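A.B. asks: One structure coming up, written as C-alpha cells, with questions to follow.
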Amino acid sequence: MAKIPLQFRHNGRDVAIFVDGGTNLLVALRELIGDMTPKFGCGQGGCGTCSVLVDGELHLSCLTLAETVAGRSVETLDGMKQGPNLHPLQRAFADNFAAQCGYCTPGMLMAAKALLDRNPSPSRDEVIEAISGNICRCTGYEPIINAILAAAGGRVSA
Amino acid sequence: MAVTVKTFTSASEAAGALSSDRSARYLGGGTLVMRALNEGDVSVSTIVRAQDQALTRIDASGPRITLGAGVTFARVLAERDLAFLHAPARSIGGPAVRNMGTIGGNLFAPSPYGDFTVALLALDATVAVAGGFGARDVPIEEFLQARDRQSGTLVLSVSCTRPASAEAFRYRKIARIKPKGGSVITLAAHLPISGGRIAGARIALGSMAPTQIRARAAERALEGRSLDAATIAAAASAATEGTSPSDNALGSAWYRREIVGVHLRRLLSGQE
C-alpha cells in the first residue's frame, strides 16, 4: 500500500515523512522522527503519557491519526528544553520530587504546559483538573501538583 | 496493519463513501476509531474523514441549538450560550480527550462511555444523518435503538431545544475516579414545568442498558405532578424498570440497579 507524504512543524522545525495509512502520531514521532519523549502507555486514551500539543492544544498522540496534523504545529517534551537549561516546569518537577519512575512525566509536563500557556496562575483545583487525564502510579500526584503550582509561582502547600 | 484513509472536503462525499463500504469507519476525534486500530481491530480496513466546516459549526444563539457532529467537548465548554451542556461536557475524559472527542462520536461510544449522549437523550435531541439515501433527521431515541446498524450513515449534527431554566435540566455522572473516570451510571433529567406541574418529563440513563435509555416508568411517575417528596420517591422507586445493566470493572449489574434510584432521588431533589 502506498505511503502517504506528511509535513508538519515539530518543535518549531519543519519535518517531512512518509506514513502508512492509519499510522498514529505517536508512532510517527517515535519511529519516523526519532523523538522518543512522548511515551506509549495504554493506546486507549486512558493514561495521558503520549500527550503532545497540537497547535497549542493538548492532544493524545496515540489517538491522533498522523495525517491529521499536516501543516499544523506539534510540540513535544523534547521541544520544552531551552538549550542546556531546563524549562521552569522541568526544574520545578525536579525540585519537588514530581518524577519517580518517570514514565508519566512527559505527559504530565505537556498537560502542565497546556495549562500554564493559557492560565499562568492557576488554582490548585485547576491544576488537578488539568492533569486529570494523566495517570501516575508512583507519586500520588501531590508532588506533581505542587511542582506545577511552584512553576506557576504560586504558593506550594504541603 | 495499514488501512486506507479517504479524506473528503464535503460531508456528503464522505457519507457516500461510508455507505458504499461496509468496512469503512468514520474518523471524528479519533478517541474511538484510533483506539480500535491500536487494539488491532482488523474489521477497520478503511477510514473515512471529512474536512467540512459545516461539521464543526455551533449555532447556540436561539432557543434551538445545533452542534455540528465534529464539535469537541472543549468547544462546548468554551461557549457561554451552551452553559446547560457544560456539566455533561466537563464529565468526559481529561482535557486532551475533551480537545479531541466530538459530539457525533459520543453517539457511538459504548458503555461506560457516551455520557454526553445521555444528556442529549433527556433533551429529546434530533440527529441529522446522511447516508446513501441523502440527509434526514432522526429522533435521538430512534437513532440509539438502531445504533448498531448505523455504520453506513454519517452524523452531520445534533440539535435540541434549550431548557427553559437551569432548574429544568439536570445531569449527574457517577464515577469512581474524580474528576475523571468511566461511568458507573449517568443520569440526566429534563423537567419542564407548566403551571407548577411537570409537563413532558424525560429521564435518560447511561450504563443501565447496552445503549443510553429512557427511564419511562420514572417519567410517568413525574408527569403532571409537582416535584415534591412523594413524587420524587415514586420516580426513584421506578428507576430500574426496563433497565438491563451489565457487569464491568466499574460496577456490577446488581450494584447499578441498587444505586440508580438513590441517585435519581438526589438528582430530582437537587442534592449534591
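Chain identifiers are assigned as A, B, and so on, following the order in which chains appear in the C-alpha cells; residues are numbered from 1 within each chain, and ligands are numbered from 1 in order of appearance.
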Write out as a PyMOL selection string the residues lying within 10 Å of Arg35 (chain B), counting only C-alpha atoms and excluding same-chain residues fewer than 2 positions away.
C.D. replies: (chain A and resi 24+42-45+62-64) or (chain B and resi 30-33+37-41)
A.B. asks: Give me every helix (DSSP H, G or I) residue in region 17-143 of chain A, going by DSSP on the backbone, as a PyMOL selection string.
C.D. replies: chain A and resi 25-33+61-63+66-69+77-79+88-95+105-118+124-130+142-143
A.B. asks: Produce a file of the selected residues containing N, CA and C atoms, as a short mmCIF file (atom, residue, chain, number, x, y, z; two decimals), in the first residue's frame.
C.D. replies:
data_model
loop_
_atom_site.label_atom_id
_atom_site.label_comp_id
_atom_site.auth_asym_id
_atom_site.auth_seq_id
_atom_site.Cartn_x
_atom_site.Cartn_y
_atom_site.Cartn_z
N LEU A 25 0.01 9.40 15.45
CA LEU A 25 1.04 10.43 15.58
C LEU A 25 2.17 9.99 16.51
N LEU A 26 1.85 9.18 17.53
CA LEU A 26 2.88 8.72 18.46
C LEU A 26 3.92 7.88 17.73
N VAL A 27 3.46 6.95 16.89
CA VAL A 27 4.37 6.10 16.12
C VAL A 27 5.18 6.97 15.16
N ALA A 28 4.52 7.95 14.53
CA ALA A 28 5.23 8.84 13.59
C ALA A 28 6.34 9.60 14.31
N LEU A 29 6.04 10.10 15.51
CA LEU A 29 7.03 10.87 16.26
C LEU A 29 8.19 9.98 16.71
N ARG A 30 7.87 8.83 17.27
CA ARG A 30 8.91 7.99 17.86
C ARG A 30 9.71 7.24 16.81
N GLU A 31 9.00 6.59 15.87
CA GLU A 31 9.68 5.67 14.96
C GLU A 31 10.17 6.35 13.68
N LEU A 32 9.50 7.41 13.26
CA LEU A 32 9.88 8.03 11.99
C LEU A 32 10.69 9.31 12.19
N ILE A 33 10.43 10.03 13.29
CA ILE A 33 11.16 11.28 13.52
C ILE A 33 12.25 11.07 14.59
N SER A 61 -1.35 11.73 21.40
CA SER A 61 -0.78 11.41 20.09
C SER A 61 -1.12 10.00 19.66
N CYS A 62 -1.36 9.07 20.62
CA CYS A 62 -1.66 7.69 20.21
C CYS A 62 -3.04 7.57 19.61
N LEU A 63 -3.93 8.56 19.85
CA LEU A 63 -5.27 8.52 19.28
C LEU A 63 -5.43 9.53 18.15
N ALA A 66 -1.94 10.29 12.22
CA ALA A 66 -0.79 11.14 11.92
C ALA A 66 -1.12 12.19 10.85
N GLU A 67 -1.81 11.78 9.80
CA GLU A 67 -2.01 12.72 8.69
C GLU A 67 -2.94 13.89 9.04
N THR A 68 -3.62 13.82 10.19
CA THR A 68 -4.48 14.94 10.56
C THR A 68 -3.66 16.14 11.07
N VAL A 69 -2.35 15.96 11.32
CA VAL A 69 -1.56 17.11 11.76
C VAL A 69 -0.82 17.78 10.59
N LEU A 77 7.65 17.10 24.56
CA LEU A 77 8.53 17.45 25.67
C LEU A 77 9.93 17.82 25.17
N ASP A 78 10.36 17.18 24.07
CA ASP A 78 11.69 17.45 23.53
C ASP A 78 11.87 18.92 23.17
N GLY A 79 10.76 19.59 22.84
CA GLY A 79 10.85 20.99 22.46
C GLY A 79 10.79 21.93 23.65
N PRO A 88 11.27 25.97 33.18
CA PRO A 88 10.86 26.14 34.58
C PRO A 88 9.99 25.01 35.11
N LEU A 89 9.16 24.43 34.24
CA LEU A 89 8.34 23.29 34.69
C LEU A 89 9.20 22.08 34.99
N GLN A 90 10.19 21.82 34.12
CA GLN A 90 11.09 20.68 34.37
C GLN A 90 11.87 20.88 35.66
N ARG A 91 12.35 22.12 35.87
CA ARG A 91 13.11 22.44 37.08
C ARG A 91 12.23 22.22 38.31
N ALA A 92 10.98 22.67 38.22
CA ALA A 92 10.06 22.53 39.34
C ALA A 92 9.74 21.07 39.62
N PHE A 93 9.63 20.25 38.56
CA PHE A 93 9.39 18.82 38.76
C PHE A 93 10.56 18.18 39.50
N ALA A 94 11.80 18.58 39.13
CA ALA A 94 12.98 18.03 39.79
C ALA A 94 13.03 18.49 41.25
N ASP A 95 12.81 19.77 41.48
CA ASP A 95 12.91 20.33 42.82
C ASP A 95 11.84 19.78 43.77
N THR A 105 5.89 11.36 33.22
CA THR A 105 6.40 12.72 33.27
C THR A 105 6.26 13.51 31.96
N PRO A 106 6.59 12.91 30.81
CA PRO A 106 6.41 13.68 29.57
C PRO A 106 4.98 14.18 29.39
N GLY A 107 4.02 13.31 29.66
CA GLY A 107 2.62 13.70 29.51
C GLY A 107 2.21 14.71 30.55
N MET A 108 2.68 14.52 31.79
CA MET A 108 2.36 15.47 32.86
C MET A 108 2.88 16.86 32.51
N LEU A 109 4.12 16.91 31.98
CA LEU A 109 4.72 18.20 31.65
C LEU A 109 3.97 18.88 30.51
N MET A 110 3.54 18.09 29.54
CA MET A 110 2.80 18.71 28.42
C MET A 110 1.43 19.20 28.89
N ALA A 111 0.78 18.41 29.75
CA ALA A 111 -0.52 18.83 30.28
C ALA A 111 -0.35 20.11 31.11
N ALA A 112 0.75 20.16 31.89
CA ALA A 112 1.03 21.34 32.70
C ALA A 112 1.32 22.55 31.82
N LYS A 113 2.08 22.32 30.75
CA LYS A 113 2.40 23.43 29.83
C LYS A 113 1.13 23.95 29.16
N ALA A 114 0.26 23.01 28.75
CA ALA A 114 -1.00 23.44 28.12
C ALA A 114 -1.80 24.31 29.07
N LEU A 115 -1.76 23.97 30.36
CA LEU A 115 -2.48 24.77 31.36
C LEU A 115 -1.84 26.15 31.51
N LEU A 116 -0.51 26.16 31.77
CA LEU A 116 0.16 27.43 32.10
C LEU A 116 0.22 28.37 30.89
N ASP A 117 0.24 27.82 29.67
CA ASP A 117 0.22 28.68 28.48
C ASP A 117 -1.07 29.50 28.42
N ARG A 118 -2.17 28.92 28.94
CA ARG A 118 -3.46 29.61 28.89
C ARG A 118 -3.77 30.34 30.19
N ARG A 124 -5.14 25.51 42.70
CA ARG A 124 -4.83 24.10 42.90
C ARG A 124 -5.86 23.21 42.18
N ASP A 125 -7.13 23.57 42.26
CA ASP A 125 -8.18 22.78 41.60
C ASP A 125 -8.02 22.79 40.08
N GLU A 126 -7.58 23.93 39.56
CA GLU A 126 -7.38 24.00 38.11
C GLU A 126 -6.20 23.11 37.69
N VAL A 127 -5.18 23.03 38.54
CA VAL A 127 -4.05 22.14 38.24
C VAL A 127 -4.52 20.68 38.26
N ILE A 128 -5.31 20.33 39.28
CA ILE A 128 -5.82 18.96 39.39
C ILE A 128 -6.64 18.61 38.16
N GLU A 129 -7.49 19.54 37.74
CA GLU A 129 -8.30 19.31 36.54
C GLU A 129 -7.42 19.14 35.30
N ALA A 130 -6.38 19.97 35.22
CA ALA A 130 -5.52 19.96 34.01
C ALA A 130 -4.77 18.65 33.85
N GLU A 142 0.45 14.44 44.52
CA GLU A 142 0.67 15.68 45.29
C GLU A 142 1.96 16.40 44.88
N PRO A 143 3.10 15.68 44.76
CA PRO A 143 4.32 16.39 44.34
C PRO A 143 4.19 17.01 42.95
#
A.B. asks: Return as a PDB file with C-alpha atoms, in the first residue's frame the full set of residues in region 26-98 of chain A whose backbone-based DSSP assignment is strand (DSSP E).
C.D. replies:
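Produced file part.pdb, reproduced below:
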ATOM      1  CA  SER A  51       0.257  13.808  25.381  1.00  0.00           C
ATOM      2  CA  VAL A  52       1.530  16.427  22.936  1.00  0.00           C
ATOM      3  CA  LEU A  53       0.381  19.893  21.945  1.00  0.00           C
ATOM      4  CA  VAL A  54      -1.199  20.258  18.509  1.00  0.00           C
ATOM      5  CA  GLU A  57      -3.896  22.310  22.362  1.00  0.00           C
ATOM      6  CA  LEU A  58      -3.344  19.179  24.451  1.00  0.00           C
ATOM      7  CA  HIS A  59      -3.924  16.035  22.379  1.00  0.00           C
ATOM      8  CA  LEU A  60      -3.229  12.338  22.828  1.00  0.00           C
ATOM      9  CA  SER A  73       2.406  22.591  14.778  1.00  0.00           C
ATOM     10  CA  VAL A  74       3.212  19.681  17.111  1.00  0.00           C
ATOM     11  CA  GLU A  75       5.078  20.298  20.364  1.00  0.00           C
TER      12      GLU A  75
END
A.B. asks: Can you check which residues of chain B have any atom within 7 Å of chain A? Use only C-alpha atoms and format it as a PyMOL selection string.
C.D. replies: chain B and resi 2-5+30-31+34-35+38+93-96+99-100+179-180
A.B. asks: Can those selected residues be exported to a file as a JSON list (two decimals), in the first residue's frame so that it contains C-alpha atoms?
C.D. replies:
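And here's selection00.json as it stands now:
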[["chain", "number", "residue", "atom", "x", "y", "z"],
["B", 2, "ALA", "CA", -2.15, -0.42, 7.17],
["B", 3, "VAL", "CA", -5.61, 0.88, 6.46],
["B", 4, "THR", "CA", -6.85, 3.05, 3.62],
["B", 5, "VAL", "CA", -7.63, 6.62, 4.63],
["B", 30, "GLY", "CA", -10.10, 9.61, 16.98],
["B", 31, "THR", "CA", -10.85, 8.54, 20.54],
["B", 34, "MET", "CA", -7.85, 5.13, 16.64],
["B", 35, "ARG", "CA", -8.30, 3.18, 19.85],
["B", 38, "ASN", "CA", -4.37, 0.48, 18.36],
["B", 93, "GLY", "CA", -12.32, 12.44, 29.89],
["B", 94, "GLY", "CA", -9.44, 14.69, 30.78],
["B", 95, "PRO", "CA", -8.57, 17.90, 28.89],
["B", 96, "ALA", "CA", -6.91, 16.05, 25.99],
["B", 99, "ASN", "CA", -9.98, 18.61, 22.97],
["B", 100, "MET", "CA", -10.40, 15.62, 20.65],
["B", 179, "PRO", "CA", -12.58, 14.33, 38.35],
["B", 180, "LYS", "CA", -12.17, 11.80, 35.57]]
A.B. asks: Quick one: everything within 7 Å of Ile17 (chain A), counting only C-alpha atoms, minus sequence neighbours fewer than 3 positions away in the same chain. Send it as a list in words.
C.D. replies: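 So, after excluding close chain neighbours, the residues are Pro5, Leu6 and Gln7 of chain A.
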A.B. asks: Can you measure CA of Ala230 (chain B) to CA of Tyr255 (chain B) for me? One decimal in Å is fine.
C.D. replies: 24.3 Å
A.B. asks: If we count only C-alpha atoms, what is near region 25-27 of chain B at a cut-off of 9 Å, once residues fewer than 4 positions away on the same chain are taken out, given as an MDAnalysis selection string?
C.D. replies: (chainID A and resid 65) or (chainID B and resid 14:15 18 21 31:34 44:50 105 151:152 154)
A.B. asks: How many Å separate CA of Phe97 (chain A) from CA of Thr139 (chain A)?
C.D. replies: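 Between these atoms lies a distance of 8.4 Å.
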A.B. asks: Find the spatial neighbours of region 80-82 of chain B, counting only C-alpha atoms, within a cut-off of 9 Å - ignore same-chain residues fewer than 3 positions away - and output them as a PyMOL selection string.
C.D. replies: chain B and resi 60-61+65+76-77+85-86+162
A.B. asks: Work out how far CA of Thr161 (chain B) is from CA of Arg64 (chain B), in Å to one decimal.
C.D. replies: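 Interatomic distance, CA of Arg64 (chain B) to CA of Thr161 (chain B): 4.3 Å.
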A.B. asks: Near Ala233 (chain B), counting only C-alpha atoms, which residues have an atom at most 12 Å away, once you skip same-chain residues fewer than 4 positions from it, shown as a VMD selection string?
C.D. replies: chain B and resid 218 221 to 222 227 to 229 237 to 239 261 to 269
A.B. asks: Could you write those residues out with N, CA and C atoms, as a short mmCIF file (atom, residue, chain, number, x, y, z; two decimals), in the first residue's frame?
C.D. replies:
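The resulting file, selection.cif, is shown below:
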data_model
loop_
_atom_site.label_atom_id
_atom_site.label_comp_id
_atom_site.auth_asym_id
_atom_site.auth_seq_id
_atom_site.Cartn_x
_atom_site.Cartn_y
_atom_site.Cartn_z
N ALA B 218 -40.16 6.01 35.44
CA ALA B 218 -39.87 7.17 36.29
C ALA B 218 -40.48 8.44 35.68
N ALA B 221 -44.07 8.57 36.53
CA ALA B 221 -44.30 8.92 37.93
C ALA B 221 -44.21 10.44 38.16
N LEU B 222 -43.48 11.12 37.27
CA LEU B 222 -43.28 12.57 37.41
C LEU B 222 -44.34 13.37 36.66
N LEU B 227 -43.00 18.69 41.76
CA LEU B 227 -41.80 17.96 42.13
C LEU B 227 -41.65 17.94 43.66
N ASP B 228 -42.54 17.19 44.33
CA ASP B 228 -42.47 17.12 45.79
C ASP B 228 -41.87 15.78 46.22
N ALA B 229 -41.73 15.60 47.51
CA ALA B 229 -41.02 14.42 48.04
C ALA B 229 -41.70 13.12 47.61
N SER B 237 -38.29 4.98 42.87
CA SER B 237 -38.53 3.54 43.02
C SER B 237 -38.85 2.89 41.68
N ALA B 238 -39.17 3.70 40.67
CA ALA B 238 -39.47 3.14 39.34
C ALA B 238 -38.25 3.18 38.43
N ALA B 239 -37.12 3.67 38.95
CA ALA B 239 -35.96 3.95 38.07
C ALA B 239 -35.40 2.71 37.38
N GLY B 261 -31.80 4.34 41.69
CA GLY B 261 -32.90 5.06 42.33
C GLY B 261 -32.41 6.10 43.33
N VAL B 262 -31.35 5.75 44.05
CA VAL B 262 -30.76 6.67 45.03
C VAL B 262 -30.30 7.95 44.33
N HIS B 263 -29.57 7.75 43.21
CA HIS B 263 -29.04 8.93 42.52
C HIS B 263 -30.12 9.70 41.78
N LEU B 264 -31.16 9.00 41.33
CA LEU B 264 -32.26 9.73 40.69
C LEU B 264 -32.97 10.60 41.73
N ARG B 265 -33.14 10.05 42.94
CA ARG B 265 -33.77 10.84 44.01
C ARG B 265 -32.93 12.09 44.31
N ARG B 266 -31.61 11.91 44.41
CA ARG B 266 -30.74 13.05 44.69
C ARG B 266 -30.77 14.07 43.55
N LEU B 267 -30.80 13.58 42.33
CA LEU B 267 -30.84 14.49 41.17
C LEU B 267 -32.12 15.31 41.17
N LEU B 268 -33.25 14.62 41.45
CA LEU B 268 -34.53 15.31 41.39
C LEU B 268 -34.72 16.26 42.57
N SER B 269 -34.13 15.91 43.71
CA SER B 269 -34.32 16.78 44.88
C SER B 269 -33.22 17.84 44.99
#
A.B. asks: Find the spatial neighbours of Arg225 (chain B), counting only C-alpha atoms, within a cut-off of 12 Å - ignore same-chain residues fewer than 5 positions away - and output them as a PyMOL selection string.
C.D. replies: chain B and resi 191-201+219-220+230-232+234-235
A.B. asks: Store the residues of this selection in a file with N, CA and C atoms, as an mmCIF file, in the first residue's frame.
C.D. replies:
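Generated file (selection-v6.cif):
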data_model
loop_
_atom_site.group_PDB
_atom_site.id
_atom_site.type_symbol
_atom_site.label_atom_id
_atom_site.label_comp_id
_atom_site.auth_asym_id
_atom_site.auth_seq_id
_atom_site.Cartn_x
_atom_site.Cartn_y
_atom_site.Cartn_z
ATOM 1 N N LEU B 191 -37.038 18.480 33.012
ATOM 2 C CA LEU B 191 -38.282 18.610 33.763
ATOM 3 C C LEU B 191 -38.935 19.958 33.464
ATOM 4 N N PRO B 192 -39.558 20.087 32.296
ATOM 5 C CA PRO B 192 -40.239 21.363 32.017
ATOM 6 C C PRO B 192 -41.423 21.526 32.972
ATOM 7 N N ILE B 193 -41.579 22.718 33.519
ATOM 8 C CA ILE B 193 -42.657 22.977 34.479
ATOM 9 C C ILE B 193 -43.700 23.870 33.809
ATOM 10 N N SER B 194 -44.946 23.467 33.898
ATOM 11 C CA SER B 194 -46.031 24.276 33.352
ATOM 12 C C SER B 194 -47.109 24.384 34.424
ATOM 13 N N GLY B 195 -47.363 25.606 34.904
ATOM 14 C CA GLY B 195 -48.364 25.804 35.950
ATOM 15 C C GLY B 195 -48.038 25.033 37.221
ATOM 16 N N GLY B 196 -46.771 24.979 37.574
ATOM 17 C CA GLY B 196 -46.375 24.300 38.807
ATOM 18 C C GLY B 196 -46.289 22.782 38.679
ATOM 19 N N ARG B 197 -46.611 22.270 37.502
ATOM 20 C CA ARG B 197 -46.561 20.809 37.324
ATOM 21 C C ARG B 197 -45.612 20.437 36.184
ATOM 22 N N ILE B 198 -45.048 19.223 36.301
ATOM 23 C CA ILE B 198 -44.096 18.765 35.288
ATOM 24 C C ILE B 198 -44.866 18.346 34.041
ATOM 25 N N ALA B 199 -44.447 18.897 32.913
ATOM 26 C CA ALA B 199 -45.108 18.556 31.649
ATOM 27 C C ALA B 199 -44.052 18.174 30.622
ATOM 28 N N GLY B 200 -43.994 16.892 30.306
ATOM 29 C CA GLY B 200 -43.003 16.420 29.325
ATOM 30 C C GLY B 200 -41.704 15.986 29.966
ATOM 31 N N ALA B 201 -41.805 15.267 31.103
ATOM 32 C CA ALA B 201 -40.594 14.807 31.793
ATOM 33 C C ALA B 201 -39.838 13.802 30.933
ATOM 34 N N GLU B 219 -40.439 8.547 34.367
ATOM 35 C CA GLU B 219 -41.058 9.704 33.694
ATOM 36 C C GLU B 219 -42.563 9.737 33.985
ATOM 37 N N ARG B 220 -43.205 8.569 33.922
ATOM 38 C CA ARG B 220 -44.658 8.510 34.174
ATOM 39 C C ARG B 220 -44.980 8.938 35.608
ATOM 40 N N ALA B 230 -43.033 13.104 47.621
ATOM 41 C CA ALA B 230 -43.742 11.866 47.277
ATOM 42 C C ALA B 230 -43.535 11.517 45.804
ATOM 43 N N THR B 231 -43.580 12.544 44.946
ATOM 44 C CA THR B 231 -43.371 12.322 43.511
ATOM 45 C C THR B 231 -41.953 11.822 43.249
ATOM 46 N N ILE B 232 -40.988 12.458 43.920
ATOM 47 C CA ILE B 232 -39.588 12.068 43.726
ATOM 48 C C ILE B 232 -39.381 10.627 44.183
ATOM 49 N N ALA B 234 -41.598 8.236 44.252
ATOM 50 C CA ALA B 234 -42.239 7.334 43.289
ATOM 51 C C ALA B 234 -41.367 7.163 42.047
ATOM 52 N N ALA B 235 -40.790 8.271 41.582
ATOM 53 C CA ALA B 235 -39.925 8.197 40.395
ATOM 54 C C ALA B 235 -38.685 7.365 40.699
#
